[in-house]
Each structure stands twice: as structure tokens, then as C-alpha cells.
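Enquirer: One structure coming up, written as C-alpha cells, with questions to follow.
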Amino acid sequence: MHSYLEFEKPVADIEGKIQELRALAAEDGEAVHVESEIDRLKTKSAQTLKDIYAKLTPWQKTLVARHPDRPHAIEYITGLIEDFTPLAGDRNFAEDHALVAGIGRFRGQSVAVLGQEKGHDTETRLKHNFGMVRPEGYRKAVRVMEMAERFGLPLISFVDTSGAYPGRGAEERGQSEAIARSTDAGLGLGTPSVAVVIGEGGSGGAIAVATANKVLMMEHAIYSVISPEGAASILWRDSAKAQDAATALKITAQDLKQLGVIDSIVDEPVGGAHRAREIVIDTAGSAIEEELKQLAGLSADQLRKQRREKFIVIGRTLS
């Protein structure tokens, strides 16, 4: 059973009727007589879903990006990276489970991998701190980036966080400094790098692992300097205006592609990534593979120059 968002209620109602008909047919043994009606409702459900997703508002896209069933970083890593070997700890303080890191093989090529993991149930969400990375997580990212450069490994990053962890302990351990150093390490990396925003790309917590040669976004992902709720609280002192903030912030993949902040958009099936997880992960893999092929012929200096100029242009264009 799907977990329906509020704006998907018309689809939920139709699919609820389908389930009722199936249950009725099972009880009465009259499956043949209701099959045509079920087929009609299936067609209506698919068209209704298509119509809804053809005109999603930025706020609705935010809800899709946060959908509890949306595939997370670990699923992308499991689906795309063979022989994945996780690397733990920042060699300074502790292991941060919000940032999954390691090495493996991506379609025949050895790579380094970073992924911000939110978790999928209460236990894993607590373990991964809801994808909010602490300083030790960003220092682990730097360690993996340095290793990637040392061994000539391309870097793939899966971005999905509402933001870096804002707790007191994180601030005491140098959260802003850790984010800055991770961002700098990404900019200075001498190997190809591709980042994919698979859900939420929140503020410095996201950019710290997304300063890549190529930045991709899933069709219904969001990427912003602040959450819509946070912006609404600051600008209007009313978090209820989050929908207005989502529109003003230009957080959707379509807006950011037009503004030149990202390089390309990875298509999702109608209804979002959570409705066809394996297909979405494979599609994202093909997009990553294509970008890495384009970067393969560049030298370390050319990669650094391309990456730095990319972000300088963004800053000049949007300032």
C-alpha cells in the first residue's frame, strides 16, 4: 500500500475503490464481473495521478522530496555500487552514521562514495540522525575525498539532508569549520566528482558534499539555502507561510536548472521515485555514468578549474 500525500487524495480514493471491489469479488467469487470496472478505475487512477504530477507546486514537490517511502542514499548505494566497503570514523572523534562513506565499483569502475542517509523507520532514523550530519561526518567526508584523490577514484555523492545538525555538541566540535573544510576539499578534488540531490538538499549541510563537477537533481527533489518553514519563520514570523516561501526560494529542480545552479535533472516516474524505486535508481545510475564519461578525459588541474569556475559563475549570476 502506498502512503498518500494530502494532494494525492483523489488517487487514494480511486485506488481505495479498487481494493473494495477486489475484496468483494474475493468474497463472492465474482471476479470476472468486476474486472472491467477495476480496469476502468486503474486507467482513471493513472490519468489522475499524471494530471496531478504535471502541475505540482514547489510546496507539493517539497512534500514529495520528503516522502517517507522515497529511496534513500543506502538504497542508491546498494543498487548501484558493487562490492561496497564502508569506511567509518573521522580519525578524530567518532563515527557519524548520518553520512555513509566508502569505496566500491560503479559499473566496472572503482569509485569513492558519500551518501547522506535519513533512515526509513524510527530505529534507523535515530541511528542516522535523520540525515543531519555532525562535524565528524564532514571530517569523514574530507578523509574519503583525500583518499579518492590519492588513488585516483571518481567521487559520487548522494545528497539528502534537511541541513547539518544544529545541536550544541556539534557547534562545540566546530560544525561550521567542518562544513567549510569539506566544501573546500570538494572544490580542490583532483578527480571527477558527481553529486546527485536525491531528496532534500538543505543549506551548507548539503553543499559540503555537493561541490562537484556535475550536480544532478532528481525531478522532484529540492535544493535550498534554507527550508521553506525556516524561511517563512524568518521572513514572515509565521511557519504557516511555508508554501509561499517554497515558491519564492526557487527550490525545485526545474527552477535551479533554469538558474544554472544544477547541470541536469534525472526523470522520475509519474507519482515520484517511491512508486518505482528500482527504475529510479537505475535511471540515476545511467545519468551518473554519462557525466563521469564526459569528465574522464580531463586532467586534475582541468577538473579543479572547471569546478571552481562553475561555482564562481553561480555566485556572480545569482548575487
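In the C-alpha cells, each chain is lettered A, B, ... as it comes, each chain's residues begin at 1, and ligands are numbered from 1 in order of appearance.
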Name all residues at most 8 Å from segment 223-232 of chain A (count only C-alpha atoms; drop same-chain ones fewer than 2 positions away) and give them as a ChimeraX atom specification.
Expert: /A:162,197,200-204,221,234-246,249-253
Enquirer: Write to file, as a short mmCIF file (atom, residue, chain, number, x, y, z; two decimals), in the first residue's frame, the residues of the selection just made, with N, CA, C and O atoms.
Expert:
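Saved as out.cif:
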data_model
loop_
_atom_site.label_atom_id
_atom_site.label_comp_id
_atom_site.auth_asym_id
_atom_site.auth_seq_id
_atom_site.Cartn_x
_atom_site.Cartn_y
_atom_site.Cartn_z
N SER A 162 18.07 17.68 5.48
CA SER A 162 17.36 18.93 5.73
C SER A 162 18.34 20.01 6.18
O SER A 162 18.00 21.20 6.23
N VAL A 197 21.30 15.22 -5.95
CA VAL A 197 20.36 15.55 -4.88
C VAL A 197 19.17 14.60 -5.06
O VAL A 197 18.39 14.75 -6.00
N GLU A 200 16.17 15.95 -0.29
CA GLU A 200 16.38 17.33 0.13
C GLU A 200 17.85 17.71 0.06
O GLU A 200 18.71 16.94 0.50
N GLY A 201 18.13 18.89 -0.46
CA GLY A 201 19.47 19.45 -0.40
C GLY A 201 19.39 20.68 0.48
O GLY A 201 19.04 21.76 0.00
N GLY A 202 19.68 20.53 1.75
CA GLY A 202 19.46 21.61 2.70
C GLY A 202 20.71 22.37 3.08
O GLY A 202 21.59 21.84 3.77
N SER A 203 20.83 23.60 2.63
CA SER A 203 21.82 24.57 3.10
C SER A 203 23.25 24.05 3.02
O SER A 203 23.61 23.26 2.15
N GLY A 204 24.12 24.53 3.94
CA GLY A 204 25.52 24.13 3.95
C GLY A 204 25.68 22.66 4.23
O GLY A 204 26.69 22.05 3.85
N ALA A 221 13.15 16.44 -6.40
CA ALA A 221 13.99 16.82 -5.25
C ALA A 221 13.94 18.33 -5.08
O ALA A 221 13.47 19.07 -5.95
N ILE A 234 11.44 33.25 9.45
CA ILE A 234 12.31 34.43 9.47
C ILE A 234 11.66 35.63 8.78
O ILE A 234 11.64 36.75 9.30
N LEU A 235 11.12 35.39 7.58
CA LEU A 235 10.60 36.49 6.77
C LEU A 235 9.24 37.00 7.25
O LEU A 235 8.99 38.20 7.26
N TRP A 236 8.36 36.06 7.61
CA TRP A 236 7.00 36.46 7.99
C TRP A 236 6.67 36.14 9.44
O TRP A 236 5.56 36.39 9.88
N ARG A 237 7.63 35.55 10.14
CA ARG A 237 7.40 35.10 11.52
C ARG A 237 6.16 34.21 11.63
O ARG A 237 5.40 34.26 12.59
N ASP A 238 5.98 33.40 10.58
CA ASP A 238 4.81 32.53 10.51
C ASP A 238 5.15 31.32 9.65
O ASP A 238 5.21 31.41 8.42
N SER A 239 5.38 30.17 10.29
CA SER A 239 5.77 28.98 9.55
C SER A 239 4.65 28.47 8.64
O SER A 239 4.89 27.67 7.74
N ALA A 240 3.43 28.96 8.88
CA ALA A 240 2.30 28.56 8.04
C ALA A 240 2.44 29.09 6.61
O ALA A 240 1.76 28.62 5.70
N LYS A 241 3.32 30.05 6.43
CA LYS A 241 3.55 30.60 5.09
C LYS A 241 4.65 29.84 4.34
O LYS A 241 5.24 30.35 3.39
N ALA A 242 4.90 28.62 4.75
CA ALA A 242 5.94 27.81 4.12
C ALA A 242 5.67 27.60 2.63
O ALA A 242 6.60 27.53 1.82
N GLN A 243 4.40 27.51 2.25
CA GLN A 243 4.08 27.32 0.84
C GLN A 243 4.52 28.53 0.01
O GLN A 243 5.06 28.37 -1.09
N ASP A 244 4.30 29.73 0.54
CA ASP A 244 4.74 30.94 -0.15
C ASP A 244 6.27 30.98 -0.23
O ASP A 244 6.84 31.36 -1.25
N ALA A 245 6.92 30.58 0.85
CA ALA A 245 8.38 30.58 0.89
C ALA A 245 8.95 29.60 -0.13
O ALA A 245 9.95 29.88 -0.80
N ALA A 246 8.32 28.43 -0.26
CA ALA A 246 8.80 27.43 -1.21
C ALA A 246 8.79 27.97 -2.63
O ALA A 246 9.71 27.72 -3.41
N LEU A 249 11.61 30.82 -2.93
CA LEU A 249 13.00 30.36 -2.81
C LEU A 249 13.55 29.72 -4.09
O LEU A 249 14.76 29.53 -4.21
N LYS A 250 12.67 29.35 -5.02
CA LYS A 250 13.11 28.68 -6.26
C LYS A 250 13.89 27.40 -5.92
O LYS A 250 15.04 27.24 -6.29
N ILE A 251 13.25 26.48 -5.24
CA ILE A 251 13.93 25.31 -4.72
C ILE A 251 13.80 24.07 -5.58
O ILE A 251 14.45 23.06 -5.32
N THR A 252 12.98 24.11 -6.63
CA THR A 252 12.74 22.92 -7.42
C THR A 252 13.86 22.69 -8.44
O THR A 252 14.60 23.61 -8.81
N ALA A 253 13.96 21.46 -8.90
CA ALA A 253 14.98 21.12 -9.89
C ALA A 253 14.79 21.94 -11.16
O ALA A 253 15.77 22.38 -11.79
#
Enquirer: Can you list every residue in segment 212-269 of chain A that DSSP puts in strand (DSSP E or B), as a PyMOL selection string?
Expert: chain A and resi 214-218+222-224+252+264-266
Enquirer: When you look at Pro154 of chain A with a cut-off of 7 Å (counting only C-alpha atoms), what residues show up, excluding the ones that are within fewer than 5 positions of it in the same chain? I need them as a ChimeraX atom specification.
Expert: /A:111-112,148,191-193
Enquirer: Do a neighbour search on segment 164-173 of chain A at 10 Å with only C-alpha atoms, toss out local chain neighbours closer than 4 positions, and write the hits as a PyMOL selection string.
Expert: chain A and resi 93+98+129-138+177-179+202-206+208
Enquirer: Can you pull out every residue within 7 Å of Gly271 of chain A, counting only C-alpha atoms, but drop anything in the same chain fewer than 4 positions away, and send it as an mmCIF file with N, CA, C and O atoms, in the first residue's frame?
Expert:
data_model
loop_
_atom_site.group_PDB
_atom_site.id
_atom_site.type_symbol
_atom_site.label_atom_id
_atom_site.label_comp_id
_atom_site.auth_asym_id
_atom_site.auth_seq_id
_atom_site.Cartn_x
_atom_site.Cartn_y
_atom_site.Cartn_z
ATOM 1 N N LEU A 49 -3.346 10.627 -11.457
ATOM 2 C CA LEU A 49 -2.007 10.810 -10.909
ATOM 3 C C LEU A 49 -1.141 11.617 -11.872
ATOM 4 O O LEU A 49 -0.397 12.519 -11.453
ATOM 5 N N TYR A 53 0.595 15.310 -11.020
ATOM 6 C CA TYR A 53 2.046 15.499 -11.036
ATOM 7 C C TYR A 53 2.519 16.385 -12.183
ATOM 8 O O TYR A 53 3.667 16.837 -12.177
ATOM 9 N N ARG A 275 7.389 5.298 -6.135
ATOM 10 C CA ARG A 275 6.462 4.392 -6.818
ATOM 11 C C ARG A 275 7.173 3.398 -7.734
ATOM 12 O O ARG A 275 6.552 2.445 -8.214
#
Enquirer: So how many Å separate atom CA of Ser233 of chain A and atom CA of Ser182 of chain A, to one decimal?
Expert: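 These two atoms are separated by 28.6 Å.
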Enquirer: With only C-alpha atoms as the atoms that count, which of A:Leu41, A:Ile81, A:Ala46, A:Ile314 lies nearest to Ile262 of chain A?
Expert: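 Closest to Ile262 of chain A of all the choices is A:Ile314.
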